[in-house]
file data-v3.cif (mmCIF, C-alpha atoms (C1' of nucleotides))
data_upload
#
loop_
_atom_site.group_PDB
_atom_site.id
_atom_site.type_symbol
_atom_site.label_atom_id
_atom_site.label_comp_id
_atom_site.auth_asym_id
_atom_site.auth_seq_id
_atom_site.Cartn_x
_atom_site.Cartn_y
_atom_site.Cartn_z
ATOM 1 C CA MET A 1 157.841 -6.754 18.310
ATOM 2 C CA SER A 2 158.965 -3.356 17.072
ATOM 3 C CA PHE A 3 158.076 -2.039 13.664
ATOM 4 C CA THR A 4 158.392 1.245 11.855
ATOM 5 C CA LEU A 5 155.755 2.624 9.559
ATOM 6 C CA ALA A 6 155.984 5.546 7.160
ATOM 7 C CA THR A 7 153.348 7.428 5.191
ATOM 8 C CA TRP A 8 154.106 9.542 2.131
ATOM 9 C CA ASN A 9 152.048 11.350 -0.479
ATOM 10 C CA ILE A 10 154.298 10.531 -3.432
ATOM 11 C CA ASN A 11 152.462 12.522 -6.165
ATOM 12 C CA SER A 12 152.900 9.848 -8.870
ATOM 13 C CA VAL A 13 154.569 6.588 -7.867
ATOM 14 C CA ARG A 14 155.691 5.968 -11.455
ATOM 15 C CA LEU A 15 157.390 9.336 -11.906
ATOM 16 C CA ARG A 16 158.999 9.050 -8.477
ATOM 17 C CA GLU A 17 159.856 5.349 -8.335
ATOM 18 C CA GLU A 18 163.506 6.260 -7.672
ATOM 19 C CA LEU A 19 162.554 8.428 -4.680
ATOM 20 C CA VAL A 20 160.516 5.576 -3.191
ATOM 21 C CA LEU A 21 163.520 3.264 -3.647
ATOM 22 C CA LYS A 22 165.799 5.859 -2.010
ATOM 23 C CA LEU A 23 163.482 6.094 0.989
ATOM 24 C CA LEU A 24 163.251 2.305 1.318
ATOM 25 C CA ARG A 25 167.043 1.919 1.047
ATOM 26 C CA GLU A 26 167.987 4.731 3.424
ATOM 27 C CA GLU A 27 165.201 4.579 6.017
ATOM 28 C CA ALA A 28 163.975 0.979 5.674
ATOM 29 C CA PRO A 29 160.558 1.257 7.316
ATOM 30 C CA ASP A 30 158.826 -2.102 7.713
ATOM 31 C CA VAL A 31 155.702 -0.689 6.093
ATOM 32 C CA LEU A 32 155.345 2.238 3.673
ATOM 33 C CA CYS A 33 151.927 3.723 2.907
ATOM 34 C CA LEU A 34 151.706 5.829 -0.256
ATOM 35 C CA GLN A 35 149.042 8.256 -1.449
ATOM 36 C CA GLU A 36 148.454 9.937 -4.808
ATOM 37 C CA CYS A 37 150.055 7.062 -6.690
ATOM 38 C CA LYS A 38 148.175 8.296 -9.795
ATOM 39 C CA SER A 39 148.407 4.859 -11.331
ATOM 40 C CA PRO A 40 146.317 1.762 -11.965
ATOM 41 C CA VAL A 41 147.454 -0.995 -9.575
ATOM 42 C CA ASP A 42 148.909 -3.138 -12.379
ATOM 43 C CA LYS A 43 151.173 -0.269 -13.501
ATOM 44 C CA ILE A 44 152.737 0.369 -10.074
ATOM 45 C CA PRO A 45 156.465 -0.512 -10.445
ATOM 46 C CA THR A 46 156.594 -3.259 -7.806
ATOM 47 C CA GLU A 47 159.691 -5.128 -9.062
ATOM 48 C CA GLY A 48 162.180 -2.652 -7.614
ATOM 49 C CA PHE A 49 160.333 -2.524 -4.303
ATOM 50 C CA ALA A 50 160.306 -6.322 -4.089
ATOM 51 C CA ALA A 51 164.040 -6.442 -4.822
ATOM 52 C CA LEU A 52 164.602 -4.387 -1.667
ATOM 53 C CA GLY A 53 162.542 -6.828 0.401
ATOM 54 C CA TYR A 54 159.158 -5.155 0.054
ATOM 55 C CA GLU A 55 157.545 -8.182 -1.530
ATOM 56 C CA HIS A 56 154.013 -7.461 -0.353
ATOM 57 C CA MET A 57 151.563 -4.817 -1.515
ATOM 58 C CA VAL A 58 147.880 -4.093 -1.257
ATOM 59 C CA ALA A 59 146.702 -1.168 -3.338
ATOM 60 C CA ASN A 60 143.729 0.703 -4.714
ATOM 61 C CA GLY A 61 144.386 2.472 -7.979
ATOM 62 C CA GLN A 62 142.890 4.405 -10.834
ATOM 63 C CA LYS A 63 144.265 6.112 -13.917
ATOM 64 C CA GLY A 64 145.713 9.595 -13.456
ATOM 65 C CA TYR A 65 144.305 10.564 -10.067
ATOM 66 C CA ASN A 66 144.327 9.520 -6.409
ATOM 67 C CA GLY A 67 145.481 5.978 -5.626
ATOM 68 C CA VAL A 68 146.832 4.468 -2.390
ATOM 69 C CA ALA A 69 149.190 1.567 -1.684
ATOM 70 C CA ILE A 70 150.675 -0.266 1.301
ATOM 71 C CA LEU A 71 154.136 -1.783 0.754
ATOM 72 C CA SER A 72 155.485 -4.214 3.335
ATOM 73 C CA LYS A 73 158.349 -6.529 4.195
ATOM 74 C CA MET A 74 155.830 -8.623 6.142
ATOM 75 C CA PRO A 75 152.903 -10.467 4.556
ATOM 76 C CA LEU A 76 149.731 -8.414 4.267
ATOM 77 C CA GLU A 77 146.158 -9.613 4.389
ATOM 78 C CA ASP A 78 144.000 -7.511 2.068
ATOM 79 C CA MET A 79 141.227 -5.939 4.174
ATOM 80 C CA GLY A 80 139.466 -4.153 1.335
ATOM 81 C CA ARG A 81 138.694 -0.699 -0.006
ATOM 82 C CA GLU A 82 136.087 1.858 1.035
ATOM 83 C CA ASP A 83 134.477 4.375 -1.307
ATOM 84 C CA PHE A 84 133.565 7.030 1.256
ATOM 85 C CA ALA A 85 131.274 9.788 -0.061
ATOM 86 C CA GLY A 86 130.542 7.505 -3.043
ATOM 87 C CA LEU A 87 132.980 9.334 -5.305
ATOM 88 C CA GLY A 88 134.221 6.258 -7.150
ATOM 89 C CA HIS A 89 137.781 7.351 -6.306
ATOM 90 C CA ALA A 90 140.695 5.158 -5.183
ATOM 91 C CA ARG A 91 141.242 6.863 -1.813
ATOM 92 C CA HIS A 92 141.395 4.037 0.731
ATOM 93 C CA VAL A 93 142.899 0.624 1.217
ATOM 94 C CA ALA A 94 143.318 -1.496 4.348
ATOM 95 C CA ALA A 95 145.617 -4.388 5.248
ATOM 96 C CA LYS A 96 146.286 -6.607 8.257
ATOM 97 C CA LEU A 97 149.823 -7.380 9.464
ATOM 98 C CA PRO A 98 150.837 -10.827 10.796
ATOM 99 C CA ASN A 99 150.646 -9.395 14.349
ATOM 100 C CA GLY A 100 146.956 -8.641 13.803
ATOM 101 C CA VAL A 101 147.310 -4.869 13.484
ATOM 102 C CA ILE A 102 145.092 -3.356 10.797
ATOM 103 C CA ILE A 103 146.405 -0.432 8.755
ATOM 104 C CA HIS A 104 144.027 2.015 7.090
ATOM 105 C CA ASN A 105 145.597 4.180 4.391
ATOM 106 C CA HIS A 106 143.550 7.228 3.326
ATOM 107 C CA TYR A 107 143.794 10.030 0.795
ATOM 108 C CA VAL A 108 141.086 12.472 1.917
ATOM 109 C CA PRO A 109 139.738 14.808 -0.809
ATOM 110 C CA ALA A 110 141.563 18.157 -0.860
ATOM 111 C CA GLY A 111 138.268 20.027 -1.043
ATOM 112 C CA GLY A 112 138.867 22.755 -3.626
ATOM 113 C CA ASP A 113 139.459 26.417 -2.887
ATOM 114 C CA VAL A 114 136.245 27.822 -1.387
ATOM 115 C CA PRO A 115 135.269 26.489 2.083
ATOM 116 C CA ASP A 116 131.524 26.494 1.393
ATOM 117 C CA ARG A 117 129.664 23.434 0.155
ATOM 118 C CA GLU A 118 126.892 25.598 -1.333
ATOM 119 C CA VAL A 119 129.224 27.063 -3.945
ATOM 120 C CA ASN A 120 131.990 24.431 -4.043
ATOM 121 C CA GLU A 121 130.940 20.819 -4.554
ATOM 122 C CA LYS A 122 134.422 19.559 -3.724
ATOM 123 C CA PHE A 123 134.276 21.004 -0.221
ATOM 124 C CA GLY A 124 131.009 19.159 0.365
ATOM 125 C CA GLN A 125 132.613 15.937 -0.869
ATOM 126 C CA LYS A 126 135.465 16.398 1.599
ATOM 127 C CA LEU A 127 133.054 16.874 4.514
ATOM 128 C CA ASP A 128 130.970 13.897 3.329
ATOM 129 C CA TYR A 129 134.097 11.736 3.110
ATOM 130 C CA LEU A 130 134.959 12.634 6.714
ATOM 131 C CA SER A 131 131.433 12.041 8.026
ATOM 132 C CA ASP A 132 131.368 8.648 6.246
ATOM 133 C CA MET A 133 134.664 7.765 7.948
ATOM 134 C CA ALA A 134 133.186 8.718 11.315
ATOM 135 C CA ARG A 135 130.011 6.719 10.685
ATOM 136 C CA ASP A 136 132.061 3.682 9.671
ATOM 137 C CA PHE A 137 134.090 3.853 12.892
ATOM 138 C CA ARG A 138 130.939 4.233 14.994
ATOM 139 C CA ASN A 139 129.459 1.128 13.331
ATOM 140 C CA ALA A 140 132.509 -1.056 13.913
ATOM 141 C CA ALA A 141 134.888 0.384 16.493
ATOM 142 C CA PRO A 142 138.397 -0.422 15.266
ATOM 143 C CA LYS A 143 140.801 -2.132 17.693
ATOM 144 C CA ARG A 144 144.566 -2.576 17.354
ATOM 145 C CA ALA A 145 144.494 -0.366 14.294
ATOM 146 C CA ILE A 146 146.638 2.338 12.709
ATOM 147 C CA LEU A 147 145.253 5.016 10.417
ATOM 148 C CA VAL A 148 147.594 6.960 8.180
ATOM 149 C CA GLY A 149 147.492 9.164 5.176
ATOM 150 C CA ASP A 150 147.164 12.533 3.573
ATOM 151 C CA LEU A 151 144.087 13.732 5.451
ATOM 152 C CA ASN A 152 144.349 17.178 3.835
ATOM 153 C CA ILE A 153 143.606 18.889 7.169
ATOM 154 C CA ALA A 154 146.105 20.591 9.478
ATOM 155 C CA PRO A 155 144.121 20.641 12.735
ATOM 156 C CA ARG A 156 146.314 22.496 15.244
ATOM 157 C CA GLU A 157 147.459 26.088 15.301
ATOM 158 C CA ASP A 158 151.067 24.900 15.184
ATOM 159 C CA ASP A 159 150.281 22.621 12.221
ATOM 160 C CA VAL A 160 150.262 25.661 9.903
ATOM 161 C CA TRP A 161 152.685 28.498 9.291
ATOM 162 C CA ASP A 162 150.134 31.207 10.189
ATOM 163 C CA HIS A 163 147.000 30.183 12.054
ATOM 164 C CA LYS A 164 145.173 33.513 11.648
ATOM 165 C CA LYS A 165 145.851 33.765 7.916
ATOM 166 C CA MET A 166 144.753 30.155 7.434
ATOM 167 C CA THR A 167 141.387 30.020 9.226
ATOM 168 C CA LYS A 168 139.500 30.680 5.985
ATOM 169 C CA ILE A 169 141.842 28.541 3.864
ATOM 170 C CA VAL A 170 140.698 25.028 3.012
ATOM 171 C CA SER A 171 142.699 22.524 5.145
ATOM 172 C CA HIS A 172 142.555 24.704 8.279
ATOM 173 C CA THR A 173 138.938 25.924 8.541
ATOM 174 C CA PRO A 174 137.068 25.295 11.820
ATOM 175 C CA ILE A 175 134.429 23.119 10.105
ATOM 176 C CA GLU A 176 137.075 20.759 8.692
ATOM 177 C CA ILE A 177 138.972 20.606 11.962
ATOM 178 C CA GLU A 178 135.722 19.809 13.783
ATOM 179 C CA ALA A 179 134.962 17.074 11.234
ATOM 180 C CA LEU A 180 138.455 15.592 11.643
ATOM 181 C CA TYR A 181 138.166 15.511 15.439
ATOM 182 C CA ASP A 182 134.758 13.859 15.020
ATOM 183 C CA VAL A 183 136.435 11.080 12.988
ATOM 184 C CA MET A 184 139.096 10.738 15.675
ATOM 185 C CA THR A 185 136.550 10.473 18.498
ATOM 186 C CA ALA A 186 134.312 8.071 16.553
ATOM 187 C CA GLY A 187 137.113 5.530 16.310
ATOM 188 C CA ASP A 188 138.945 5.910 19.624
ATOM 189 C CA TRP A 189 141.914 7.236 17.658
ATOM 190 C CA LEU A 190 144.890 9.135 19.028
ATOM 191 C CA ASP A 191 147.206 11.386 17.047
ATOM 192 C CA VAL A 192 150.477 9.475 17.403
ATOM 193 C CA THR A 193 152.655 12.147 15.811
ATOM 194 C CA ARG A 194 151.479 14.853 18.181
ATOM 195 C CA ALA A 195 151.596 12.497 21.168
ATOM 196 C CA ASP A 196 155.292 12.005 20.412
ATOM 197 C CA ILE A 197 156.009 15.590 19.337
ATOM 198 C CA PRO A 198 153.552 17.696 21.364
ATOM 199 C CA GLU A 199 155.318 21.030 21.041
ATOM 200 C CA GLY A 200 156.164 23.280 18.177
ATOM 201 C CA LEU A 201 155.666 23.877 14.491
ATOM 202 C CA LEU A 202 155.525 20.628 12.514
ATOM 203 C CA TYR A 203 154.784 20.421 8.786
ATOM 204 C CA SER A 204 154.661 17.632 6.213
ATOM 205 C CA TRP A 205 153.701 19.625 3.083
ATOM 206 C CA TRP A 206 155.022 22.732 1.338
ATOM 207 C CA SER A 207 153.472 24.092 -1.865
ATOM 208 C CA TYR A 208 155.347 23.759 -5.146
ATOM 209 C CA ARG A 209 154.371 27.371 -5.783
ATOM 210 C CA ALA A 210 156.497 28.864 -3.023
ATOM 211 C CA LYS A 211 159.808 30.234 -4.274
ATOM 212 C CA ASP A 212 161.960 28.818 -1.498
ATOM 213 C CA TRP A 213 159.952 26.273 0.466
ATOM 214 C CA ASP A 214 162.699 25.702 3.036
ATOM 215 C CA THR A 215 163.492 29.242 4.161
ATOM 216 C CA ALA A 216 159.950 30.599 3.658
ATOM 217 C CA ASP A 217 158.694 27.480 5.494
ATOM 218 C CA LYS A 218 155.016 28.135 4.774
ATOM 219 C CA GLY A 219 154.082 24.542 5.515
ATOM 220 C CA ARG A 220 151.128 22.575 6.789
ATOM 221 C CA ARG A 221 150.871 19.233 8.627
ATOM 222 C CA LEU A 222 148.488 17.393 6.302
ATOM 223 C CA ASP A 223 149.906 13.881 6.729
ATOM 224 C CA HIS A 224 148.951 11.946 9.818
ATOM 225 C CA ILE A 225 149.617 8.771 11.785
ATOM 226 C CA TRP A 226 146.892 7.776 14.238
ATOM 227 C CA ALA A 227 146.481 4.648 16.365
ATOM 228 C CA THR A 228 143.668 3.238 18.471
ATOM 229 C CA SER A 229 144.185 3.823 22.191
ATOM 230 C CA ASP A 230 145.012 0.146 22.882
ATOM 231 C CA ILE A 231 148.265 0.431 20.913
ATOM 232 C CA ALA A 232 148.937 4.173 20.809
ATOM 233 C CA ALA A 233 150.958 4.060 24.018
ATOM 234 C CA SER A 234 153.406 1.683 22.325
ATOM 235 C CA ALA A 235 154.249 4.279 19.681
ATOM 236 C CA HIS A 236 157.375 6.412 19.842
ATOM 237 C CA GLY A 237 160.076 7.812 17.656
ATOM 238 C CA SER A 238 157.790 9.858 15.423
ATOM 239 C CA ARG A 239 159.440 12.145 12.909
ATOM 240 C CA VAL A 240 158.979 13.944 9.611
ATOM 241 C CA LEU A 241 161.708 13.329 7.044
ATOM 242 C CA ARG A 242 161.840 16.962 6.007
ATOM 243 C CA PRO A 243 164.963 16.584 3.818
ATOM 244 C CA ALA A 244 162.923 14.445 1.383
ATOM 245 C CA ARG A 245 161.079 17.623 0.359
ATOM 246 C CA GLY A 246 164.431 18.854 -0.962
ATOM 247 C CA TRP A 247 165.325 15.756 -2.989
ATOM 248 C CA GLU A 248 165.614 15.983 -6.785
ATOM 249 C CA LYS A 249 162.163 16.326 -8.430
ATOM 250 C CA PRO A 250 160.459 15.981 -5.025
ATOM 251 C CA SER A 251 156.926 15.301 -3.975
ATOM 252 C CA ASP A 252 155.374 18.339 -2.301
ATOM 253 C CA HIS A 253 154.925 16.138 0.803
ATOM 254 C CA ALA A 254 157.585 14.770 3.180
ATOM 255 C CA PRO A 255 157.276 11.259 4.669
ATOM 256 C CA VAL A 256 156.034 10.888 8.267
ATOM 257 C CA PHE A 257 157.337 8.017 10.432
ATOM 258 C CA ALA A 258 156.321 6.276 13.646
ATOM 259 C CA THR A 259 157.791 3.261 15.450
ATOM 260 C CA PHE A 260 155.524 0.923 17.437
ATOM 261 C CA ASP A 261 156.469 -1.703 20.053
ATOM 262 C CA ILE A 262 153.580 -4.140 19.947
ATOM 263 C "C1'" DA B 1 142.490 39.765 -5.840
ATOM 264 C "C1'" DT B 2 145.724 37.211 -8.303
ATOM 265 C "C1'" DG B 3 149.125 33.941 -9.556
ATOM 266 C "C1'" DG B 4 152.524 31.238 -8.510
ATOM 267 C "C1'" DT B 5 154.163 25.057 -9.767
ATOM 268 C "C1'" DA B 6 153.369 20.245 -10.787
ATOM 269 C "C1'" DG B 7 151.253 15.531 -12.873
ATOM 270 C "C1'" DC B 8 148.581 13.281 -16.227
ATOM 271 C "C1'" DA B 9 148.019 13.217 -20.814
ATOM 272 C "C1'" DC B 10 147.688 16.019 -24.469
ATOM 273 C "C1'" DA B 11 142.880 20.010 -22.840
ATOM 274 C "C1'" DG B 12 141.789 20.882 -18.797
ATOM 275 C "C1'" DC B 13 141.210 19.078 -14.433
ATOM 276 C "C1'" DT B 14 143.206 18.365 -9.864
ATOM 277 C "C1'" DA B 15 146.108 19.603 -6.242
#

call {"tool": "encode", "arguments": {"input": "data-v3.cif", "output": "structure tokens"}}
result
Amino acid sequence: MSFTLATWNINSVRLREELVLKLLREEAPDVLCLQECKSPVDKIPTEGFAALGYEHMVANGQKGYNGVAILSKMPLEDMGREDFAGLGHARHVAAKLPNGVIIHNHYVPAGGDVPDREVNEKFGQKLDYLSDMARDFRNAAPKRAILVGDLNIAPREDDVWDHKKMTKIVSHTPIEIEALYDVMTAGDWLDVTRADIPEGLLYSWWSYRAKDWDTADKGRRLDHIWATSDIAASAHGSRVLRPARGWEKPSDHAPVFATFDI
DNA sequence: ATGGTAGCACAGCTA
């Protein structure tokens, strides 16, 4: 069976309901994982999604901030929500597909501006969130699983527009990159996007503050699709839907896609 | 070093 999965930080699912519908109509992934829904679960506009065939959703929501959801054409079994770092935030939800594959959808804390947990509590929370993820995967090694989301870390030199300028900028500091690779190793995860697209600059986020995001192209690859090694080899066809960053009233993130033959 | 934009919700936090 072949299925296509997309992940997208939507930056308010209620404000951008029409953009979600456009993506579902034009790209028709089997599963769409959203982050930063910024909505309680019961206020997510599911009717329009269901009308396009996405009749199934598992979600974790809160008012105003964070929030993650998995939309699917196929039935989903709710596999619960983790509160890593004990923040009380809606940053994770998991679901199982009929083929047995488990999907983890994460919104990792951004971590504030200063990359030092002694002076910036948010940076400490980000590192704690990552170490809790790693501990969880060491406790119960995931199998036949996919992990997606806005991980708020661009690990490789070619995941940012200027590696040297970025090494002290939160999202590309060595301590975060180390922590992210520790999560990856703890769970036998492989970076599907970079397995499919090993060469070259590849971004999924551009700041709203840049004058001309497209020509300046000061992007970062913050949005990831990983898979456990038992199914990673079946993945192909990865891409970033960069044009979505240029849609009317866009999210600052573009959707990332991967197709799996499982 | 600073400020630039955006969402939520209506001030100020978060990104």

call {"tool": "interface_residues", "arguments": {"input": "data-v3.cif", "of": "chain B", "to": "chain A", "cutoff": "10 Å", "atoms": "all atoms listed in the file", "output": "VMD selection string"}}
result
chain B and resid 3 to 9 14 to 15

call {"tool": "residues_around", "arguments": {"input": "data-v3.cif", "residues": "Trp213 (chain A)", "least_positions_apart": "2", "cutoff": "12 Å", "atoms": "only C-alpha atoms (C1' of nucleotides)", "output": "MDAnalysis selection string"}}
result
(chainID A and resid 161 203:211 215:220 242:243 245:246 250 252:253) or (chainID B and resid 5)

call {"tool": "residues_around", "arguments": {"input": "data-v3.cif", "residues": "Thr259 (chain A)", "least_positions_apart": "2", "cutoff": "8 Å", "atoms": "all atoms listed in the file", "output": "list in words"}}
result
Ser2, Phe3, Thr4, Leu5, Ala235, His236, Gly237, Ser238, Phe257 and Asp261 of chain A

call {"tool": "residues_near_point", "arguments": {"input": "data-v3.cif", "point": "(151.6, 0.2, -8.6)", "cutoff": "8 Å", "atoms": "all atoms listed in the file", "output": "VMD selection string"}}
result
chain A and resid 13 to 14 37 39 to 46 59 61 69

call {"tool": "resolve_selection", "arguments": {"input": "data-v3.cif", "expression": "the PyMOL selection byres ((chain A and resi 30) around 8)", "output": "compact mmCIF listing (two decimals) with C-alpha atoms, keeping the file's coordinate frame"}}
result
# COMPACT_ATOMS: atom_id res chain seq x y z
CA PHE A 3 158.08 -2.04 13.66
CA THR A 4 158.39 1.25 11.86
CA LEU A 5 155.76 2.62 9.56
CA ALA A 28 163.98 0.98 5.67
CA PRO A 29 160.56 1.26 7.32
CA VAL A 31 155.70 -0.69 6.09
CA LEU A 32 155.34 2.24 3.67
CA SER A 72 155.49 -4.21 3.34
CA LYS A 73 158.35 -6.53 4.20
CA MET A 74 155.83 -8.62 6.14

call {"tool": "closest_residue", "arguments": {"input": "data-v3.cif", "among": "A:Glu118, A:Glu36, A:Asp158, A:Glu77", "to": "Asn9 (chain A)", "atoms": "all atoms listed in the file"}}
result
A:Glu36

call {"tool": "resolve_selection", "arguments": {"input": "data-v3.cif", "expression": "the PyMOL selection byres ((chain A and resi 138-141) around 8)", "output": "PyMOL selection string"}}
result
chain A and resi 134-137+142-143+186-188

call {"tool": "axis_aligned_box", "arguments": {"input": "data-v3.cif", "around": "region 20-34 of chain A", "padding_each_side": "5 Å", "output": "AutoDock Vina command-line options"}}
result
--center_x 159.8 --center_y 2.0 --center_z 2.0 --size_x 26.3 --size_y 18.2 --size_z 21.4

call {"tool": "closest_residue", "arguments": {"input": "data-v3.cif", "among": "A:Val68, A:Leu127, A:Val170, A:Met1", "to": "Phe84 (chain A)", "atoms": "all atoms listed in the file"}}
result
A:Leu127

call {"tool": "atom_distance", "arguments": {"input": "data-v3.cif", "atom1": "CA of Arg144 (chain A)", "atom2": "CA of Arg156 (chain A)"}}
result
25.2 Å

call {"tool": "atom_distance", "arguments": {"input": "data-v3.cif", "atom1": "CA of Phe260 (chain A)", "atom2": "CA of Lys126 (chain A)"}}
result
29.9 Å

call {"tool": "resolve_selection", "arguments": {"input": "data-v3.cif", "expression": "the PyMOL selection byres ((chain A and resi 225) around 6)", "output": "list in words"}}
result
Leu147, Val148, Val192, His224 and Trp226 of chain A

call {"tool": "build_atoms", "arguments": {"input": "data-v3.cif", "residues": "region 171-194 of chain A", "atoms": "N, CA and C atoms", "output": "PDB file, in the coordinates of the input"}}
result
ATOM      1  N   SER A 171     141.719  23.358   4.429  1.00  0.00           N
ATOM      2  CA  SER A 171     142.699  22.524   5.145  1.00  0.00           C
ATOM      3  C   SER A 171     142.841  22.990   6.589  1.00  0.00           C
ATOM      4  N   HIS A 172     142.404  24.212   6.897  1.00  0.00           N
ATOM      5  CA  HIS A 172     142.555  24.704   8.279  1.00  0.00           C
ATOM      6  C   HIS A 172     141.308  25.465   8.749  1.00  0.00           C
ATOM      7  N   THR A 173     140.163  25.235   8.109  1.00  0.00           N
ATOM      8  CA  THR A 173     138.938  25.924   8.541  1.00  0.00           C
ATOM      9  C   THR A 173     138.342  25.193   9.751  1.00  0.00           C
ATOM     10  N   PRO A 174     137.653  25.928  10.629  1.00  0.00           N
ATOM     11  CA  PRO A 174     137.068  25.295  11.820  1.00  0.00           C
ATOM     12  C   PRO A 174     136.139  24.120  11.498  1.00  0.00           C
ATOM     13  N   ILE A 175     135.368  24.206  10.409  1.00  0.00           N
ATOM     14  CA  ILE A 175     134.429  23.119  10.105  1.00  0.00           C
ATOM     15  C   ILE A 175     135.165  21.829   9.738  1.00  0.00           C
ATOM     16  N   GLU A 176     136.278  21.957   9.022  1.00  0.00           N
ATOM     17  CA  GLU A 176     137.075  20.759   8.692  1.00  0.00           C
ATOM     18  C   GLU A 176     137.746  20.181   9.928  1.00  0.00           C
ATOM     19  N   ILE A 177     138.277  21.062  10.757  1.00  0.00           N
ATOM     20  CA  ILE A 177     138.972  20.606  11.962  1.00  0.00           C
ATOM     21  C   ILE A 177     137.991  19.886  12.880  1.00  0.00           C
ATOM     22  N   GLU A 178     136.784  20.462  13.007  1.00  0.00           N
ATOM     23  CA  GLU A 178     135.722  19.809  13.783  1.00  0.00           C
ATOM     24  C   GLU A 178     135.407  18.428  13.211  1.00  0.00           C
ATOM     25  N   ALA A 179     135.279  18.346  11.890  1.00  0.00           N
ATOM     26  CA  ALA A 179     134.962  17.074  11.234  1.00  0.00           C
ATOM     27  C   ALA A 179     136.073  16.051  11.459  1.00  0.00           C
ATOM     28  N   LEU A 180     137.331  16.508  11.428  1.00  0.00           N
ATOM     29  CA  LEU A 180     138.455  15.592  11.643  1.00  0.00           C
ATOM     30  C   LEU A 180     138.463  15.071  13.078  1.00  0.00           C
ATOM     31  N   TYR A 181     138.205  15.949  14.044  1.00  0.00           N
ATOM     32  CA  TYR A 181     138.166  15.511  15.439  1.00  0.00           C
ATOM     33  C   TYR A 181     136.974  14.586  15.679  1.00  0.00           C
ATOM     34  N   ASP A 182     135.902  14.765  14.917  1.00  0.00           N
ATOM     35  CA  ASP A 182     134.758  13.859  15.020  1.00  0.00           C
ATOM     36  C   ASP A 182     135.150  12.456  14.537  1.00  0.00           C
ATOM     37  N   VAL A 183     135.931  12.380  13.463  1.00  0.00           N
ATOM     38  CA  VAL A 183     136.435  11.080  12.988  1.00  0.00           C
ATOM     39  C   VAL A 183     137.295  10.434  14.073  1.00  0.00           C
ATOM     40  N   MET A 184     138.165  11.238  14.659  1.00  0.00           N
ATOM     41  CA  MET A 184     139.096  10.738  15.675  1.00  0.00           C
ATOM     42  C   MET A 184     138.339  10.165  16.873  1.00  0.00           C
ATOM     43  N   THR A 185     137.343  10.897  17.339  1.00  0.00           N
ATOM     44  CA  THR A 185     136.550  10.473  18.498  1.00  0.00           C
ATOM     45  C   THR A 185     135.719   9.239  18.166  1.00  0.00           C
ATOM     46  N   ALA A 186     135.180   9.184  16.956  1.00  0.00           N
ATOM     47  CA  ALA A 186     134.312   8.071  16.553  1.00  0.00           C
ATOM     48  C   ALA A 186     135.052   6.745  16.606  1.00  0.00           C
ATOM     49  N   GLY A 187     136.358   6.772  16.381  1.00  0.00           N
ATOM     50  CA  GLY A 187     137.113   5.530  16.310  1.00  0.00           C
ATOM     51  C   GLY A 187     138.079   5.307  17.446  1.00  0.00           C
ATOM     52  N   ASP A 188     138.005   6.084  18.515  1.00  0.00           N
ATOM     53  CA  ASP A 188     138.945   5.910  19.624  1.00  0.00           C
ATOM     54  C   ASP A 188     140.394   6.087  19.151  1.00  0.00           C
ATOM     55  N   TRP A 189     140.578   7.005  18.212  1.00  0.00           N
ATOM     56  CA  TRP A 189     141.914   7.236  17.658  1.00  0.00           C
ATOM     57  C   TRP A 189     142.682   8.285  18.455  1.00  0.00           C
ATOM     58  N   LEU A 190     143.997   8.120  18.475  1.00  0.00           N
ATOM     59  CA  LEU A 190     144.890   9.135  19.028  1.00  0.00           C
ATOM     60  C   LEU A 190     145.889   9.560  17.956  1.00  0.00           C
ATOM     61  N   ASP A 191     146.236  10.815  17.976  1.00  0.00           N
ATOM     62  CA  ASP A 191     147.206  11.386  17.047  1.00  0.00           C
ATOM     63  C   ASP A 191     148.615  11.040  17.550  1.00  0.00           C
ATOM     64  N   VAL A 192     149.188  10.003  16.946  1.00  0.00           N
ATOM     65  CA  VAL A 192     150.477   9.475  17.403  1.00  0.00           C
ATOM     66  C   VAL A 192     151.592  10.510  17.221  1.00  0.00           C
ATOM     67  N   THR A 193     151.578  11.188  16.090  1.00  0.00           N
ATOM     68  CA  THR A 193     152.655  12.147  15.811  1.00  0.00           C
ATOM     69  C   THR A 193     152.692  13.243  16.868  1.00  0.00           C
ATOM     70  N   ARG A 194     151.510  13.774  17.198  1.00  0.00           N
ATOM     71  CA  ARG A 194     151.479  14.853  18.181  1.00  0.00           C
ATOM     72  C   ARG A 194     151.587  14.351  19.623  1.00  0.00           C
TER      73      ARG A 194
END
